[in-house]
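What follows is the content of data_38.cif, which has mmCIF, C-alpha atoms and all ligand atoms:
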data_run
loop_
_atom_site.label_atom_id
_atom_site.label_comp_id
_atom_site.auth_asym_id
_atom_site.auth_seq_id
_atom_site.Cartn_x
_atom_site.Cartn_y
_atom_site.Cartn_z
CA MET A 1076 38.35 9.05 115.14
CA ALA A 1077 38.63 7.63 111.58
CA THR A 1078 35.49 7.53 109.46
CA ILE A 1079 33.35 4.45 109.82
CA VAL A 1080 32.13 3.11 106.47
CA LEU A 1081 29.22 0.66 106.50
CA HIS A 1082 28.90 -1.57 103.44
CA HIS A 1083 25.18 -2.11 103.62
CA LEU A 1084 23.18 -4.71 101.69
CA GLU A 1085 19.50 -4.00 101.08
CA LEU A 1086 17.03 -6.30 102.87
CA SER A 1087 19.60 -7.79 105.23
CA ARG A 1088 21.07 -8.18 108.70
CA SER A 1089 23.14 -5.11 107.92
CA THR A 1090 20.16 -3.03 109.10
CA ARG A 1091 21.26 -3.95 112.63
CA VAL A 1092 24.59 -2.20 112.21
CA LEU A 1093 22.95 0.85 110.70
CA TRP A 1094 20.56 0.93 113.65
CA ALA A 1095 23.47 0.62 116.12
CA LEU A 1096 25.31 3.49 114.44
CA GLU A 1097 22.17 5.62 114.86
CA GLU A 1098 21.63 4.53 118.50
CA LEU A 1099 25.25 5.42 119.30
CA GLY A 1100 25.16 8.71 117.41
CA LEU A 1101 28.41 7.83 115.60
CA SER A 1102 29.25 9.58 112.36
CA TYR A 1103 29.54 7.22 109.41
CA GLU A 1104 29.32 6.82 105.68
CA ILE A 1105 27.12 4.22 104.06
CA LYS A 1106 27.60 2.42 100.76
CA THR A 1107 24.50 0.47 99.73
CA TYR A 1108 24.54 -2.72 97.63
CA LYS A 1109 21.64 -4.39 95.82
CA ARG A 1110 20.62 -8.04 95.81
CA ASP A 1111 20.51 -9.93 92.51
CA LYS A 1112 17.58 -11.96 91.16
CA ASN A 1113 18.66 -14.95 93.28
CA PHE A 1114 18.66 -12.71 96.36
CA ARG A 1115 22.47 -12.91 96.59
CA ALA A 1116 24.61 -9.87 97.31
CA ASP A 1117 26.10 -7.68 94.61
CA LYS A 1118 29.50 -9.23 93.66
CA ALA A 1119 31.16 -5.90 94.42
CA LEU A 1120 30.94 -6.76 98.13
CA LYS A 1121 33.67 -9.39 97.54
CA GLN A 1122 36.09 -6.54 96.99
CA VAL A 1123 35.45 -5.42 100.57
CA HIS A 1124 35.50 -8.84 102.29
CA PRO A 1125 36.27 -12.28 100.76
CA LEU A 1126 32.88 -13.74 101.75
CA GLY A 1127 31.07 -11.00 99.87
CA LYS A 1128 28.44 -10.72 102.60
CA SER A 1129 27.06 -7.82 104.57
CA PRO A 1130 27.35 -6.21 107.03
CA VAL A 1131 30.97 -5.18 106.66
CA VAL A 1132 32.42 -2.10 108.30
CA VAL A 1133 35.71 -0.45 107.43
CA SER A 1134 37.10 1.63 110.26
CA ASP A 1135 40.53 2.78 111.35
CA GLY A 1136 42.24 0.64 108.66
CA MET A 1137 40.35 -2.51 109.71
CA VAL A 1138 37.78 -4.54 107.80
CA LEU A 1139 35.19 -5.80 110.28
CA ALA A 1140 32.67 -8.55 109.54
CA GLU A 1141 30.08 -10.52 111.58
CA SER A 1142 27.31 -8.36 113.01
CA ALA A 1143 28.01 -9.25 116.65
CA ALA A 1144 31.73 -8.44 116.35
CA ILE A 1145 30.84 -5.17 114.61
CA LEU A 1146 28.29 -4.24 117.29
CA GLU A 1147 30.85 -4.89 120.05
CA TYR A 1148 33.37 -2.73 118.22
CA LEU A 1149 30.88 0.13 117.80
CA VAL A 1150 29.88 0.03 121.47
CA ASP A 1151 33.60 0.12 122.37
CA VAL A 1152 34.37 3.15 120.20
CA GLY A 1153 31.16 4.94 121.21
CA ASP A 1154 30.88 7.40 124.07
CA GLY A 1155 29.61 4.84 126.59
CA ALA A 1156 26.05 4.43 125.35
CA LEU A 1157 24.81 0.81 125.28
CA ARG A 1158 27.84 -0.25 127.31
CA PRO A 1159 26.95 -2.98 129.84
CA GLU A 1160 26.98 -1.71 133.44
CA THR A 1161 27.42 -4.89 135.45
CA ALA A 1162 29.23 -8.20 135.01
CA GLN A 1163 25.87 -9.99 134.73
CA GLU A 1164 24.63 -7.56 132.08
CA ARG A 1165 27.89 -7.91 130.11
CA GLN A 1166 27.54 -11.70 130.14
CA ASN A 1167 23.86 -11.48 129.14
CA VAL A 1168 24.73 -9.21 126.20
CA ARG A 1169 27.49 -11.57 125.15
CA TYR A 1170 25.12 -14.54 125.39
CA TRP A 1171 22.48 -13.01 123.09
CA LEU A 1172 25.10 -11.69 120.65
CA HIS A 1173 26.17 -15.31 120.14
CA PHE A 1174 22.71 -16.90 120.43
CA ALA A 1175 21.33 -14.77 117.58
CA GLU A 1176 23.64 -16.14 114.86
CA GLY A 1177 24.81 -19.36 116.56
CA THR A 1178 21.46 -20.84 117.65
CA LEU A 1179 18.45 -18.88 116.41
CA MET A 1180 19.40 -18.13 112.80
CA PRO A 1181 20.60 -21.60 111.64
CA THR A 1182 17.19 -23.24 112.11
CA LEU A 1183 15.36 -20.25 110.60
CA LEU A 1184 17.71 -20.41 107.61
CA MET A 1185 17.09 -24.13 107.24
CA SER A 1186 13.37 -23.45 107.08
CA LEU A 1187 13.91 -20.66 104.55
CA VAL A 1188 16.22 -22.77 102.38
CA HIS A 1189 13.78 -25.71 102.41
CA GLY A 1190 10.95 -23.43 101.28
CA THR A 1191 13.11 -22.02 98.48
CA ALA A 1192 14.30 -25.50 97.42
CA ILE A 1193 10.72 -26.73 97.05
CA ASP A 1194 9.94 -23.70 94.86
CA LYS A 1195 13.00 -24.27 92.67
CA VAL A 1196 13.03 -28.01 91.93
CA PRO A 1197 11.45 -29.30 88.69
CA PHE A 1198 7.72 -29.85 88.91
CA ILE A 1199 8.04 -33.62 88.44
CA ILE A 1200 10.08 -34.22 91.62
CA LYS A 1201 8.41 -31.49 93.71
CA PRO A 1202 6.15 -33.88 95.70
CA VAL A 1203 9.13 -36.10 96.62
CA VAL A 1204 11.34 -33.17 97.66
CA LYS A 1205 8.45 -31.63 99.56
CA GLY A 1206 7.86 -34.93 101.35
CA ILE A 1207 11.50 -35.38 102.36
CA LEU A 1208 11.96 -31.79 103.52
CA GLY A 1209 8.61 -31.98 105.32
CA VAL A 1210 9.91 -34.93 107.36
CA ILE A 1211 13.12 -33.06 108.23
CA ASP A 1212 11.21 -29.92 109.19
CA GLY A 1213 8.68 -31.90 111.22
CA ALA A 1214 11.33 -33.87 113.09
CA PHE A 1215 13.97 -31.19 113.53
CA THR A 1216 13.63 -27.70 112.03
CA ASN A 1217 10.20 -26.77 113.38
CA PRO A 1218 10.68 -28.16 116.91
CA GLU A 1219 14.02 -26.30 117.12
CA ILE A 1220 12.47 -23.02 115.95
CA ILE A 1221 9.66 -23.44 118.49
CA ARG A 1222 12.14 -24.30 121.25
CA ASN A 1223 14.19 -21.14 120.56
CA MET A 1224 11.20 -18.84 120.14
CA ASP A 1225 9.54 -20.21 123.33
CA PHE A 1226 12.76 -19.54 125.22
CA VAL A 1227 12.89 -15.91 124.07
CA GLU A 1228 9.15 -15.52 124.77
CA GLN A 1229 9.69 -16.70 128.36
CA THR A 1230 12.72 -14.45 128.84
CA LEU A 1231 10.73 -11.42 127.68
CA GLY A 1232 7.95 -12.38 130.11
CA ARG A 1233 10.37 -11.72 132.97
CA GLN A 1234 12.16 -8.58 131.77
CA SER A 1235 11.76 -5.65 129.38
CA TRP A 1236 14.88 -6.23 127.26
CA LEU A 1237 16.95 -9.30 126.54
CA ALA A 1238 19.90 -8.47 128.79
CA GLY A 1239 17.70 -7.13 131.61
CA GLU A 1240 15.89 -3.84 132.16
CA ARG A 1241 18.11 -1.77 129.86
CA PHE A 1242 18.13 -1.69 126.06
CA THR A 1243 21.52 -3.04 124.84
CA ALA A 1244 23.32 -4.27 121.73
CA ALA A 1245 21.79 -7.70 122.48
CA ASP A 1246 18.40 -6.30 121.44
CA ILE A 1247 19.81 -4.95 118.18
CA GLN A 1248 21.52 -8.25 117.39
CA MET A 1249 18.43 -10.36 118.17
CA SER A 1250 16.03 -8.12 116.23
CA TYR A 1251 16.49 -9.73 112.80
CA GLY A 1252 16.06 -13.32 114.00
CA LEU A 1253 12.95 -12.44 115.99
CA GLN A 1254 11.38 -10.51 113.12
CA ALA A 1255 12.10 -13.53 110.88
CA GLY A 1256 11.05 -15.98 113.61
CA ILE A 1257 7.63 -14.41 113.96
CA LYS A 1258 7.19 -14.84 110.21
CA ARG A 1259 8.53 -18.42 110.03
CA SER A 1260 7.60 -19.99 113.35
CA PRO A 1261 5.14 -22.87 112.98
CA LYS A 1262 3.40 -21.37 116.04
CA GLY A 1263 2.91 -18.21 113.98
CA GLN A 1264 1.66 -15.27 115.94
CA ALA A 1265 1.51 -17.04 119.32
CA TYR A 1266 4.23 -14.93 120.92
CA PRO A 1267 2.69 -11.89 122.65
CA ASN A 1268 5.87 -10.93 124.54
CA ILE A 1269 8.04 -11.07 121.41
CA GLN A 1270 5.40 -9.19 119.43
CA SER A 1271 5.20 -6.33 121.92
CA TYR A 1272 9.02 -6.30 122.23
CA ILE A 1273 9.34 -5.95 118.43
CA ARG A 1274 6.81 -3.10 118.48
CA ARG A 1275 8.85 -1.38 121.22
CA PHE A 1276 12.18 -1.60 119.43
CA GLU A 1277 10.68 -0.68 116.06
CA ALA A 1278 9.31 2.49 117.71
CA ARG A 1279 12.79 3.67 118.72
CA PRO A 1280 13.81 6.81 116.79
CA ALA A 1281 17.19 5.27 115.87
CA TYR A 1282 15.49 2.17 114.42
CA LYS A 1283 13.12 4.34 112.38
CA LYS A 1284 16.04 6.42 111.11
CA ALA A 1285 17.93 3.25 110.09
CA ILE A 1286 14.91 2.01 108.11
CA GLU A 1287 14.53 5.42 106.50
CA ILE A 1288 18.16 5.33 105.36
CA GLY A 1289 18.72 1.64 104.60
CA GLY A 1290 15.24 0.22 104.00
CA ILE A 1291 13.40 -2.62 105.78
CA PRO A 1292 15.55 -5.57 106.96
CA MET A 1293 13.66 -8.32 105.08
CA PRO A 1294 10.96 -8.64 102.44
CA GLU A 1295 7.42 -8.08 103.84
N1 LIG B 1301 26.60 -14.15 110.51
C1 LIG B 1301 26.74 -13.05 109.61
C2 LIG B 1301 25.80 -13.27 108.43
C3 LIG B 1301 26.06 -12.36 107.26
C4 LIG B 1301 25.13 -12.73 106.12
O1 LIG B 1301 24.89 -13.92 105.85
N2 LIG B 1301 24.63 -11.70 105.44
C5 LIG B 1301 23.68 -11.95 104.38
C6 LIG B 1301 22.57 -10.90 104.42
S1 LIG B 1301 21.44 -11.14 105.72
C7 LIG B 1301 24.34 -11.77 103.02
O2 LIG B 1301 25.22 -10.95 102.87
N3 LIG B 1301 23.84 -12.51 102.03
C8 LIG B 1301 24.16 -12.30 100.66
C9 LIG B 1301 24.90 -13.43 100.03
O3 LIG B 1301 25.25 -14.39 100.72
O4 LIG B 1301 25.13 -13.34 98.84
C10 LIG B 1301 26.41 -11.76 110.37
O5 LIG B 1301 25.68 -11.82 111.35
O6 LIG B 1301 26.91 -10.70 109.99
#
Encoded form using structure tokens:
Amino acid sequence: MATIVLHHLELSRSTRVLWALEELGLSYEIKTYKRDKNFRADKALKQVHPLGKSPVVVSDGMVLAESAAILEYLVDVGDGALRPETAQERQNVRYWLHFAEGTLMPTLLMSLVHGTAIDKVPFIIKPVVKGILGVIDGAFTNPEIIRNMDFVEQTLGRQSWLAGERFTAADIQMSYGLQAGIKRSPKGQAYPNIQSYIRRFEARPAYKKAIEIGGIPMPE
């Protein structure tokens, strides 16, 4: 099989792909990029993919972007590990692969962007901006974050892993949003099932190896 090259950005979702590569025991090369002072990716990533974002994987002459699509590809080319075993499990994995970036991340990003915007606007208009964004967060962002986090909390009250009783790519894909969600949720630390789930996946040898190689996924 052709070499897999991961274009990895420090402090990013790309950690998920690194973790998957370690879980699957695939051989790969890694090229690491830094973030600039505005926390944007090194411009050199644009030479790999037009969006200039990470993760990006180059394998077998193909340039692969979007974490979920990359994870599916890696599971396909792997030796069978992490492959769903039943139709229900396959559908569950697919659901969480999409939910992570399609539902969970947008509201978390909104909250993050609002926080950054308040920090960046001139002092004189700060109270106004803070007031407006506070209304939006109160009416929409925070209730949506709570709704999503409560849903995951309930799911993990019924089963050990997101797709059922087996660890799958769904858990890798959801990791970043849940780690960020625990930090940003207005309900703070009130998610015992998610907390213990995060502790369990962070204890996996492949996760630890990924952190050792690529660093932590987000600032402390
Ligand atoms: N939905 C994409 C998101 C990719 C993405 O936004 N990556 C961020 C890092 S977490 C990035 O490269 N940001 C740097 C930038 O936009 O300059 C995925 O899941 O792969």
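What separates atom O6 of ligand LIG 1301 (chain B) from CA of Pro1130 in chain A is a distance of 5.4 Å.
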For CA of Ser1186 in chain A and CA of Gly1127 in chain A, the interatomic separation in Å (one decimal):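 That distance, rounded to one decimal, is 22.8 Å.
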Contacts of Asn1268 in chain A at 9 Å (all atoms listed in the file; same-chain gap of 2+ positions) as a ChimeraX atom specification: /A:1227-1232,1266,1270-1273
Would you output that residue set with C-alpha atoms, as a compact mmCIF listing (two decimals), in the frame of the given file?
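The resulting again08.txt:
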# COMPACT_ATOMS: atom_id res chain seq x y z
CA VAL A 1227 12.89 -15.91 124.07
CA GLU A 1228 9.15 -15.52 124.77
CA GLN A 1229 9.69 -16.70 128.36
CA THR A 1230 12.72 -14.45 128.84
CA LEU A 1231 10.73 -11.42 127.68
CA GLY A 1232 7.95 -12.38 130.11
CA TYR A 1266 4.23 -14.93 120.92
CA GLN A 1270 5.40 -9.19 119.43
CA SER A 1271 5.20 -6.33 121.92
CA TYR A 1272 9.02 -6.30 122.23
CA ILE A 1273 9.34 -5.95 118.43
List all protein, DNA and RNA residues that have any atom at most 10 Å from ligand LIG 1301 (chain B), counting only C-alpha atoms and all ligand atoms, and write the list as a ChimeraX atom specification. /A:1083-1092,1108-1111,1113-1118,1120-1121,1126-1131,1139-1146,1172-1173,1175-1177,1180-1181,1184,1248,1251,1292-1293
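A straight line drawn from CA of Leu1093 in chain A to CA of Ile1288 in chain A is 8.5 Å long.
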Can you work out which one of A:Ala1238, A:Ala1162, A:Val1196, A:Leu1253 has the shortest atom-to-atom distance to Leu1179 in chain A, counting all atoms listed in the file?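 Smallest distance to Leu1179 in chain A is found for A:Leu1253.
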Of the listed residues A:Arg1233, A:Ala1244, A:Gly1100, A:Arg1165, that which approaches Ala1281 in chain A most closely, counting only C-alpha atoms: A:Gly1100
Show which residues sit within 12 Å of Asp1154 in chain A, as a PyMOL selection string. Count only C-alpha atoms, and ignore same-chain residues fewer than 6 positions away. chain A and resi 1076+1096+1098-1101+1148
Using only C-alpha atoms, which residue out of A:Arg1275, A:Arg1259, A:Arg1241, A:Lys1201 lies closest to Met1224 in chain A?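 The shortest atom-to-atom distance to Met1224 in chain A comes from A:Arg1259.
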Counting all atoms listed in the file, which of A:Leu1157, A:Ile1105, A:Asp1246, A:Ile1199 gets nearest to Val1132 in chain A?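 Distance minimum relative to Val1132 in chain A lands on A:Ile1105.
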Which residue of A:Ile1221, A:Lys1283, A:His1189, A:Gly1289 approaches Gln1264 in chain A most closely, using all atoms listed in the file: A:Ile1221
